[in-house]
Structures are given as structure tokens and as C-alpha cells.
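Let me begin by presenting the structure, written as C-alpha cells, before commenting on it.
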Amino acid sequence: MARNYWMLVQTAENFEISKGLGFTLHGVGPKYRKRADRMQPDDRVLYYVSGVNKWTVAATITSKSFEDNAPIWKSYSNRDDFRHRVKIQPTIILQESEYIDAMILAPRLSYVKKWVPDMWPLAFVGSLHLLPQADFKLIEDEMKRLVSYRTKPLWTGPNSKPAESAPTLDVHNSTATATEQASEIAEPVQADEEEQRASA
């Protein structure tokens, strides 16, 4: 049973590197050492790609954290060497056309409620976030729904109906529309406040 529910934030470039590894390994920098130490086998994780603001992969952690400074991902500062690592096993890998747009879904998450509606992307600044279980399940359930449409039968003749495409989330059900520019604002200083909110 999962102990914690994590969101891993990567740039598009580093996400492609993780994709090349089969989403079997993830690393964070020294700033997140304490959180990495909390990661345990059977914890669940979601990949979130910054810039495009989309969820892409769900996975399960299969090891405790360990240190390895062999270069894998692209570092954008001298402190980001991604040395604190865990092994993971993907459970859902969305196709690019299925990636979940956070601009639609994120305003429904309790994790972002601290922020004013138009500034919710600030909640996703940083590389490692501890999510409430209910938020994790909401995103993962949407992933499962999208994947389920891959098995719909194809249109095979004039008396058959084409496969129904996966309906999109209703934008009007969201509480707000976020701005992409907000996601580029600097990370809040008190990173550990995220853990306090997640455990509340």
C-alpha cells in the first residue's frame, strides 16, 4: 500500500531522457534530499512536464532513495545534479495525444487551493511535490479513463459505428483559468510548506 503520493516535475528535455530510460529511474537535487529520503517502495508518483503543463505518466517506486551522481539528466544549475535517486516502475504511460492538460484539471485539486485561482501554477514550481491522495487519484483516474479508450473497436464497415473518442474534460467545470506565464515565476522559498499542506 502506498505511503505517499508524489508529483515529479521535469522539463520537456529531461522528460525525454526519462522516457529513454523507460521511466525506471528518477533523481532530484540536494535541495530535495529530505523528501527523497521519505520516498519508499510502493509510493506512487506522477510525472508532470513543465512548460507544456501536462501530466504524462503514473508509476510506482520500487526502491529506497540512494545517491548516484553519474550524469543523466540535464542540469540547469550547479546544484541540480539529481544525485538523490529512486528506482520506479511505470504503471500508465500516456501517448502524447492523451497527455492531461493541467490548465483544465489542476484548478480542481485541493493542493492548489492556497493560491489565488489565476496563479495556481505557482503550486507546481519545483521538482518534487507531495500530493494529497485524493488529488493523485483524480489525476490517475483520468489517465485510466483515457487509456481505456484505446481498446474501443475500430470501425470495420458501413453497419458498424466508429470507435468513440475519449471525451475531454469540461473546461467550464474548472474553477479558474490559469496563465502559462505564472508557471515560470521563481520557486517559493519555503519548500517544506508543501508537505504540511499535503498532510493537512
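Letters A, B, ... mark the chains of the C-alpha cells in the order given; residue numbers begin at 1 per chain; ligand numbers begin at 1, in order shown.
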
Within 12 Å of Arg3 of chain A using only C-alpha atoms, minus same-chain residues under 3 positions, as number ranges by chain: A: 6, 38-45, 60-61, 130-133, 199

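For segment 79-83 of chain A, the non-local neighbours within 6 Å, defined as residues at least 4 positions apart in the same chain or in other chains and counting only C-alpha atoms, are Gly27, Val28, Gly29, Glu67, Asp68, Asn69 and Ser75 of chain A.
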
Give me a file of those residues, with N, CA and C atoms, as a PDB file, in the first residue's frame.
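Final file, result-v4.pdb:
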```pdb
ATOM      1  N   GLY A  27      15.636  11.130 -10.387  1.00  0.00           N
ATOM      2  CA  GLY A  27      16.557  11.762  -9.460  1.00  0.00           C
ATOM      3  C   GLY A  27      16.200  13.208  -9.188  1.00  0.00           C
ATOM      4  N   VAL A  28      16.545  13.668  -7.985  1.00  0.00           N
ATOM      5  CA  VAL A  28      16.356  15.067  -7.611  1.00  0.00           C
ATOM      6  C   VAL A  28      17.647  15.591  -7.005  1.00  0.00           C
ATOM      7  N   GLY A  29      17.756  16.913  -6.936  1.00  0.00           N
ATOM      8  CA  GLY A  29      18.962  17.533  -6.431  1.00  0.00           C
ATOM      9  C   GLY A  29      19.033  17.583  -4.911  1.00  0.00           C
ATOM     10  N   GLU A  67      22.140   7.468  -3.435  1.00  0.00           N
ATOM     11  CA  GLU A  67      22.911   8.523  -4.084  1.00  0.00           C
ATOM     12  C   GLU A  67      23.727   7.979  -5.244  1.00  0.00           C
ATOM     13  N   ASP A  68      23.688   8.719  -6.330  1.00  0.00           N
ATOM     14  CA  ASP A  68      24.470   8.392  -7.517  1.00  0.00           C
ATOM     15  C   ASP A  68      24.587   9.680  -8.322  1.00  0.00           C
ATOM     16  N   ASN A  69      25.794  10.176  -8.497  1.00  0.00           N
ATOM     17  CA  ASN A  69      25.961  11.441  -9.219  1.00  0.00           C
ATOM     18  C   ASN A  69      26.405  11.255 -10.663  1.00  0.00           C
ATOM     19  N   SER A  75      21.246  19.424 -16.251  1.00  0.00           N
ATOM     20  CA  SER A  75      21.200  20.316 -15.098  1.00  0.00           C
ATOM     21  C   SER A  75      21.136  21.763 -15.564  1.00  0.00           C
TER      22      SER A  75
END
```

Would you mind listing what lies within 12 Å of Ala134 of chain A as an mmCIF file with C-alpha atoms, in the first residue's frame, with only C-alpha atoms counted and same-chain residues fewer than 6 positions away left out?
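Dumped to result06.cif:
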```
data_model
loop_
_atom_site.group_PDB
_atom_site.id
_atom_site.type_symbol
_atom_site.label_atom_id
_atom_site.label_comp_id
_atom_site.auth_asym_id
_atom_site.auth_seq_id
_atom_site.Cartn_x
_atom_site.Cartn_y
_atom_site.Cartn_z
ATOM 1 C CA ASN A 4 2.981 8.794 -0.058
ATOM 2 C CA TYR A 5 1.845 10.259 -3.354
ATOM 3 C CA TRP A 6 4.396 12.312 -5.264
ATOM 4 C CA ARG A 108 -9.931 21.098 -9.206
ATOM 5 C CA LEU A 109 -7.077 19.902 -6.966
ATOM 6 C CA SER A 110 -7.059 20.718 -3.263
ATOM 7 C CA TYR A 111 -3.252 21.066 -3.485
ATOM 8 C CA GLU A 140 -4.684 8.807 -12.168
ATOM 9 C CA ASP A 141 -8.368 8.029 -12.732
ATOM 10 C CA ALA A 198 -0.299 17.660 1.779
ATOM 11 C CA SER A 199 -0.562 16.158 5.250
#
```

Distance criterion (only C-alpha atoms): nearest to Ile92 of chain A out of A:Leu21, A:Val57, A:Leu138, A:Met7: A:Val57

Test item, alpha helix (DSSP H) assignment across segment 80-145 of chain A, answer as a list in words: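 The alpha helix (DSSP H) subset of segment 80-145 of chain A is Ala102, Met103, Ile104, Leu105, Gln133, Ala134, Asp135, Phe136, Lys137, Leu138, Ile139, Glu140, Asp141, Glu142, Met143, Lys144 and Arg145 of chain A.
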